[in-house]
>>> print(open('final-v7.pdb').read())   # PDB, C-alpha atoms
MODEL        1
ATOM      1  CA  MET A   1      19.435 141.091 103.947
ATOM      2  CA  HIS A   2      21.166 143.457 106.398
ATOM      3  CA  GLN A   3      23.718 140.774 107.304
ATOM      4  CA  VAL A   4      24.586 140.284 103.635
ATOM      5  CA  LYS A   5      25.068 144.067 103.235
ATOM      6  CA  ARG A   6      27.269 144.180 106.351
ATOM      7  CA  LEU A   7      29.346 141.250 105.140
ATOM      8  CA  ASN A   8      29.769 142.883 101.724
ATOM      9  CA  THR A   9      30.810 146.135 103.414
ATOM     10  CA  LEU A  10      33.366 144.267 105.538
ATOM     11  CA  LYS A  11      34.680 142.507 102.426
ATOM     12  CA  ARG A  12      35.094 145.862 100.646
ATOM     13  CA  ILE A  13      36.933 147.370 103.630
ATOM     14  CA  SER A  14      39.121 144.265 103.890
ATOM     15  CA  GLN A  15      39.899 144.404 100.172
ATOM     16  CA  PHE A  16      40.754 148.108 100.461
ATOM     17  CA  PHE A  17      43.370 147.304 103.118
ATOM     18  CA  TYR A  18      44.761 144.398 101.094
ATOM     19  CA  GLU A  19      45.125 146.649  98.038
ATOM     20  CA  LYS A  20      46.564 149.726  99.771
ATOM     21  CA  SER A  21      48.851 148.083 102.342
ATOM     22  CA  ASN A  22      52.534 147.528 101.747
ATOM     23  CA  LEU A  23      55.700 147.516 103.840
ATOM     24  CA  LYS A  24      56.198 151.304 103.542
ATOM     25  CA  VAL A  25      52.636 152.019 104.703
ATOM     26  CA  ALA A  26      53.041 149.520 107.567
ATOM     27  CA  ILE A  27      56.266 151.177 108.721
ATOM     28  CA  LEU A  28      54.658 154.633 108.462
ATOM     29  CA  CYS A  29      51.656 153.454 110.525
ATOM     30  CA  THR A  30      54.032 151.981 113.114
ATOM     31  CA  ALA A  31      55.938 155.275 113.318
ATOM     32  CA  ILE A  32      52.674 157.189 113.833
ATOM     33  CA  PHE A  33      51.634 154.657 116.516
ATOM     34  CA  CYS A  34      54.956 155.033 118.370
ATOM     35  CA  ALA A  35      54.961 158.829 118.110
ATOM     36  CA  TYR A  36      51.387 159.082 119.383
ATOM     37  CA  LEU A  37      52.129 156.691 122.244
ATOM     38  CA  VAL A  38      55.229 158.602 123.357
ATOM     39  CA  LEU A  39      54.240 162.189 122.585
ATOM     40  CA  VAL A  40      50.520 162.135 123.377
ATOM     41  CA  MET A  41      49.438 159.155 125.474
ATOM     42  CA  THR A  42      52.195 159.334 128.085
ATOM     43  CA  ARG A  43      51.733 163.086 128.486
ATOM     44  CA  GLN A  44      47.963 162.838 128.777
ATOM     45  CA  ALA A  45      48.279 160.019 131.324
ATOM     46  CA  ASN A  46      50.375 162.298 133.547
ATOM     47  CA  GLY A  47      47.183 164.175 134.406
ATOM     48  CA  PHE A  48      45.720 161.246 136.368
ATOM     49  CA  GLU A  49      48.530 158.792 137.119
ATOM     50  CA  ILE A  50      49.784 158.405 140.650
ATOM     51  CA  PRO A  51      53.515 157.648 141.003
ATOM     52  CA  ASN A  52      54.277 154.079 142.128
ATOM     53  CA  SER A  53      50.621 153.089 141.778
ATOM     54  CA  THR A  54      50.008 149.482 140.728
ATOM     55  CA  ILE A  55      47.048 150.483 138.522
ATOM     56  CA  LYS A  56      47.855 153.303 136.094
ATOM     57  CA  SER A  57      44.523 153.025 134.245
ATOM     58  CA  LEU A  58      41.531 150.712 134.632
ATOM     59  CA  GLY A  59      41.799 149.817 130.946
ATOM     60  CA  MET A  60      45.272 148.356 131.467
ATOM     61  CA  THR A  61      43.995 145.616 133.794
ATOM     62  CA  PHE A  62      42.327 142.357 132.809
ATOM     63  CA  GLY A  63      38.972 143.207 134.366
ATOM     64  CA  PHE A  64      38.181 144.889 137.658
ATOM     65  CA  SER A  65      35.578 144.931 140.414
ATOM     66  CA  GLU A  66      33.429 147.740 141.800
ATOM     67  CA  SER A  67      35.794 148.056 144.748
ATOM     68  CA  ASP A  68      38.758 148.428 142.341
ATOM     69  CA  ILE A  69      36.908 151.257 140.620
ATOM     70  CA  PHE A  70      36.134 153.032 143.914
ATOM     71  CA  ILE A  71      39.738 152.713 145.085
ATOM     72  CA  PHE A  72      40.993 154.045 141.736
ATOM     73  CA  PHE A  73      38.600 157.020 141.889
ATOM     74  CA  GLN A  74      39.103 157.789 145.605
ATOM     75  CA  LEU A  75      42.882 158.023 145.204
ATOM     76  CA  ARG A  76      42.475 160.806 142.651
ATOM     77  CA  THR A  77      41.420 164.439 142.892
ATOM     78  CA  GLU A  78      38.513 165.864 140.918
ATOM     79  CA  LYS A  79      41.012 167.448 138.503
ATOM     80  CA  MET A  80      42.748 164.082 137.992
ATOM     81  CA  LEU A  81      39.415 162.357 137.349
ATOM     82  CA  SER A  82      38.493 165.043 134.802
ATOM     83  CA  ALA A  83      41.834 164.375 133.089
ATOM     84  CA  TYR A  84      41.004 160.661 133.163
ATOM     85  CA  ILE A  85      37.666 161.324 131.436
ATOM     86  CA  ASN A  86      39.463 163.298 128.693
ATOM     87  CA  PHE A  87      42.083 160.583 128.393
ATOM     88  CA  ASN A  88      39.421 157.908 127.829
ATOM     89  CA  LEU A  89      36.977 159.854 125.690
ATOM     90  CA  ILE A  90      39.489 161.689 123.501
ATOM     91  CA  TRP A  91      43.095 160.504 123.549
ATOM     92  CA  ASP A  92      42.602 156.758 124.067
ATOM     93  CA  THR A  93      39.763 156.722 121.540
ATOM     94  CA  ILE A  94      42.122 158.165 118.909
ATOM     95  CA  PHE A  95      44.867 155.755 120.013
ATOM     96  CA  ALA A  96      42.571 152.764 119.499
ATOM     97  CA  LEU A  97      41.887 153.851 115.924
ATOM     98  CA  ILE A  98      45.624 154.351 115.293
ATOM     99  CA  TYR A  99      46.606 150.901 116.562
ATOM    100  CA  GLY A 100      43.623 149.328 114.799
ATOM    101  CA  VAL A 101      44.717 150.731 111.458
ATOM    102  CA  MET A 102      48.377 149.835 112.125
ATOM    103  CA  TYR A 103      47.638 146.203 112.990
ATOM    104  CA  THR A 104      45.203 145.905 110.072
ATOM    105  CA  VAL A 105      47.835 147.214 107.658
ATOM    106  CA  TRP A 106      50.440 144.770 109.008
ATOM    107  CA  LEU A 107      47.985 141.876 108.760
ATOM    108  CA  SER A 108      47.064 142.942 105.229
ATOM    109  CA  VAL A 109      50.731 142.883 104.250
ATOM    110  CA  LEU A 110      51.329 139.496 105.900
ATOM    111  CA  LEU A 111      48.119 137.846 104.682
ATOM    112  CA  ASN A 112      47.864 139.415 101.235
ATOM    113  CA  ALA A 113      49.071 136.319  99.369
ATOM    114  CA  SER A 114      46.504 134.223 101.270
ATOM    115  CA  ALA A 115      43.712 136.809 101.119
ATOM    116  CA  ARG A 116      41.294 134.477  99.315
ATOM    117  CA  LYS A 117      41.780 131.799 101.982
ATOM    118  CA  VAL A 118      41.716 134.017 105.070
ATOM    119  CA  GLY A 119      39.115 136.525 103.853
ATOM    120  CA  ILE A 120      38.471 139.392 106.252
ATOM    121  CA  ALA A 121      40.922 138.122 108.889
ATOM    122  CA  ASN A 122      42.941 141.303 108.298
ATOM    123  CA  LEU A 123      40.124 143.244 110.019
ATOM    124  CA  ILE A 124      40.438 141.353 113.331
ATOM    125  CA  PRO A 125      42.229 144.312 115.009
ATOM    126  CA  PHE A 126      39.061 146.387 114.663
ATOM    127  CA  LEU A 127      37.332 144.040 117.121
ATOM    128  CA  GLN A 128      39.824 145.242 119.726
ATOM    129  CA  VAL A 129      39.147 148.845 118.698
ATOM    130  CA  ILE A 130      35.387 148.426 119.156
ATOM    131  CA  PHE A 131      35.761 146.946 122.635
ATOM    132  CA  ASP A 132      38.365 149.573 123.557
ATOM    133  CA  TRP A 133      35.866 152.288 122.593
ATOM    134  CA  LEU A 134      33.089 150.592 124.580
ATOM    135  CA  GLU A 135      35.464 150.387 127.547
ATOM    136  CA  ASN A 136      36.439 154.065 127.190
ATOM    137  CA  TYR A 137      32.864 155.325 127.071
ATOM    138  CA  SER A 138      31.644 153.125 129.911
ATOM    139  CA  ILE A 139      34.565 154.162 132.139
ATOM    140  CA  GLY A 140      33.984 157.802 131.183
ATOM    141  CA  TYR A 141      30.338 157.402 132.220
ATOM    142  CA  LEU A 142      31.366 155.880 135.568
ATOM    143  CA  VAL A 143      33.817 158.704 136.295
ATOM    144  CA  GLU A 144      31.213 161.359 135.458
ATOM    145  CA  GLN A 145      28.668 159.608 137.652
ATOM    146  CA  TYR A 146      31.162 159.371 140.514
ATOM    147  CA  LEU A 147      32.002 163.080 140.223
ATOM    148  CA  ILE A 148      28.315 164.005 140.343
ATOM    149  CA  ASN A 149      27.126 161.909 143.290
ATOM    150  CA  GLY A 150      29.984 159.713 144.539
ATOM    151  CA  THR A 151      28.384 156.475 143.303
ATOM    152  CA  ILE A 152      28.636 154.190 140.296
ATOM    153  CA  THR A 153      26.086 151.934 138.616
ATOM    154  CA  PRO A 154      27.050 148.304 139.382
ATOM    155  CA  TYR A 155      25.718 147.097 136.032
ATOM    156  CA  ILE A 156      27.840 149.606 134.075
ATOM    157  CA  ALA A 157      30.871 148.764 136.240
ATOM    158  CA  LYS A 158      30.500 145.064 135.428
ATOM    159  CA  LEU A 159      29.862 145.792 131.756
ATOM    160  CA  SER A 160      32.947 148.013 131.625
ATOM    161  CA  SER A 161      35.032 145.208 133.136
ATOM    162  CA  TYR A 162      33.706 142.779 130.502
ATOM    163  CA  PHE A 163      34.590 145.269 127.759
ATOM    164  CA  VAL A 164      38.164 145.491 129.093
ATOM    165  CA  MET A 165      38.524 141.699 129.255
ATOM    166  CA  THR A 166      37.092 141.276 125.756
ATOM    167  CA  LYS A 167      39.447 143.978 124.450
ATOM    168  CA  TRP A 168      42.441 142.023 125.782
ATOM    169  CA  VAL A 169      41.138 138.739 124.344
ATOM    170  CA  CYS A 170      40.782 140.461 120.958
ATOM    171  CA  SER A 171      44.311 141.814 121.386
ATOM    172  CA  GLY A 172      45.551 138.256 121.878
ATOM    173  CA  LEU A 173      43.634 137.186 118.783
ATOM    174  CA  THR A 174      45.278 139.993 116.807
ATOM    175  CA  TYR A 175      48.765 138.920 117.909
ATOM    176  CA  PHE A 176      47.953 135.282 117.165
ATOM    177  CA  THR A 177      46.848 136.281 113.639
ATOM    178  CA  ILE A 178      50.038 138.313 113.160
ATOM    179  CA  ILE A 179      52.134 135.285 114.200
ATOM    180  CA  LEU A 180      50.093 133.164 111.800
ATOM    181  CA  GLY A 181      50.728 135.728 109.049
ATOM    182  CA  ILE A 182      54.469 135.608 109.737
ATOM    183  CA  ALA A 183      54.323 131.791 109.567
ATOM    184  CA  PHE A 184      52.523 132.016 106.191
ATOM    185  CA  LEU A 185      55.232 134.403 104.991
ATOM    186  CA  PHE A 186      58.022 131.962 105.948
ATOM    187  CA  VAL A 187      56.198 129.079 104.281
ATOM    188  CA  ARG A 188      55.950 131.118 101.058
ATOM    189  CA  ILE A 189      59.656 132.051 101.247
ATOM    190  CA  PHE A 190      60.724 128.428 101.751
ATOM    191  CA  LYS A 191      58.433 127.217  98.945
ATOM    192  CA  LYS A 192      60.063 129.703  96.550
ATOM    193  CA  LYS A 193      63.522 128.389  97.465
TER
ENDMDL
END
>>> encode(input="final-v7.pdb", output="structure tokens")
Amino acid sequence: MHQVKRLNTLKRISQFFYEKSNLKVAILCTAIFCAYLVLVMTRQANGFEIPNSTIKSLGMTFGFSESDIFIFFQLRTEKMLSAYINFNLIWDTIFALIYGVMYTVWLSVLLNASARKVGIANLIPFLQVIFDWLENYSIGYLVEQYLINGTITPYIAKLSSYFVMTKWVCSGLTYFTIILGIAFLFVRIFKKK
């Protein structure tokens, strides 16, 4: 019963995006994404980034170990780690929602003509958003724990790494679906000619 309700809710959300998305909305969402990335994310990252460091943020890697986490934390001051918590729990959480909506709008535009066949495929970007949020909150927890007693919970560290890897897999799935949507668009254009 609950699964049917969830599926119906997802179908309604998917349909909403199919109905409301068009090229203008997609371009507007892309502009908001770019502006937020340049004006907010890069500035907020300055609070914890180390120049010439190979790892700017744990979330930008494809998984990490406990030792990677300790190295990342030990290279930063308490103030930098506090900035990193804010980055993950506030700014990156908002960013995930922004890119999730942007990609969903683009997919809705590209897949609209095939909506009956592909169903809720336009919502795939929200999988990445969910795992990005899980990553953000688990990393935030690890940083807070480290600041309190200098340790981290191995289980949460491993879980956080899995969240990051799953986020990137979902990102790949989103891009694959976008490429598929572009292919569908070209097929429709050639069929009309």
>>> closest_residue(input="final-v7.pdb", among="A:Phe131, A:Thr54, A:Ile69, A:Phe95", to="Val38 of chain A", atoms="all atoms listed in the file")
A:Phe95
>>> resolve_selection(input="final-v7.pdb", expression="the PyMOL selection byres ((chain A and resi 104) around 8)", output="list in words")
Phe17, Gly100, Val101, Met102, Tyr103, Val105, Trp106, Leu107, Ser108, Asn122, Leu123, Ile124, Pro125 and Phe126 of chain A
>>> closest_residue(input="final-v7.pdb", among="A:Lys167, A:Lys191, A:Arg12, A:Arg76", to="Leu147 of chain A", atoms="all atoms listed in the file")
A:Arg76
>>> closest_residue(input="final-v7.pdb", among="A:Phe16, A:Phe62, A:Trp133, A:Phe48", to="Val169 of chain A", atoms="all atoms listed in the file")
A:Phe62
>>> resolve_selection(input="final-v7.pdb", expression="the PyMOL selection byres ((chain A and resi 64) around 12)", output="MDAnalysis selection string")
chainID A and resid 55 57:63 65:72 135 139 154 156:165
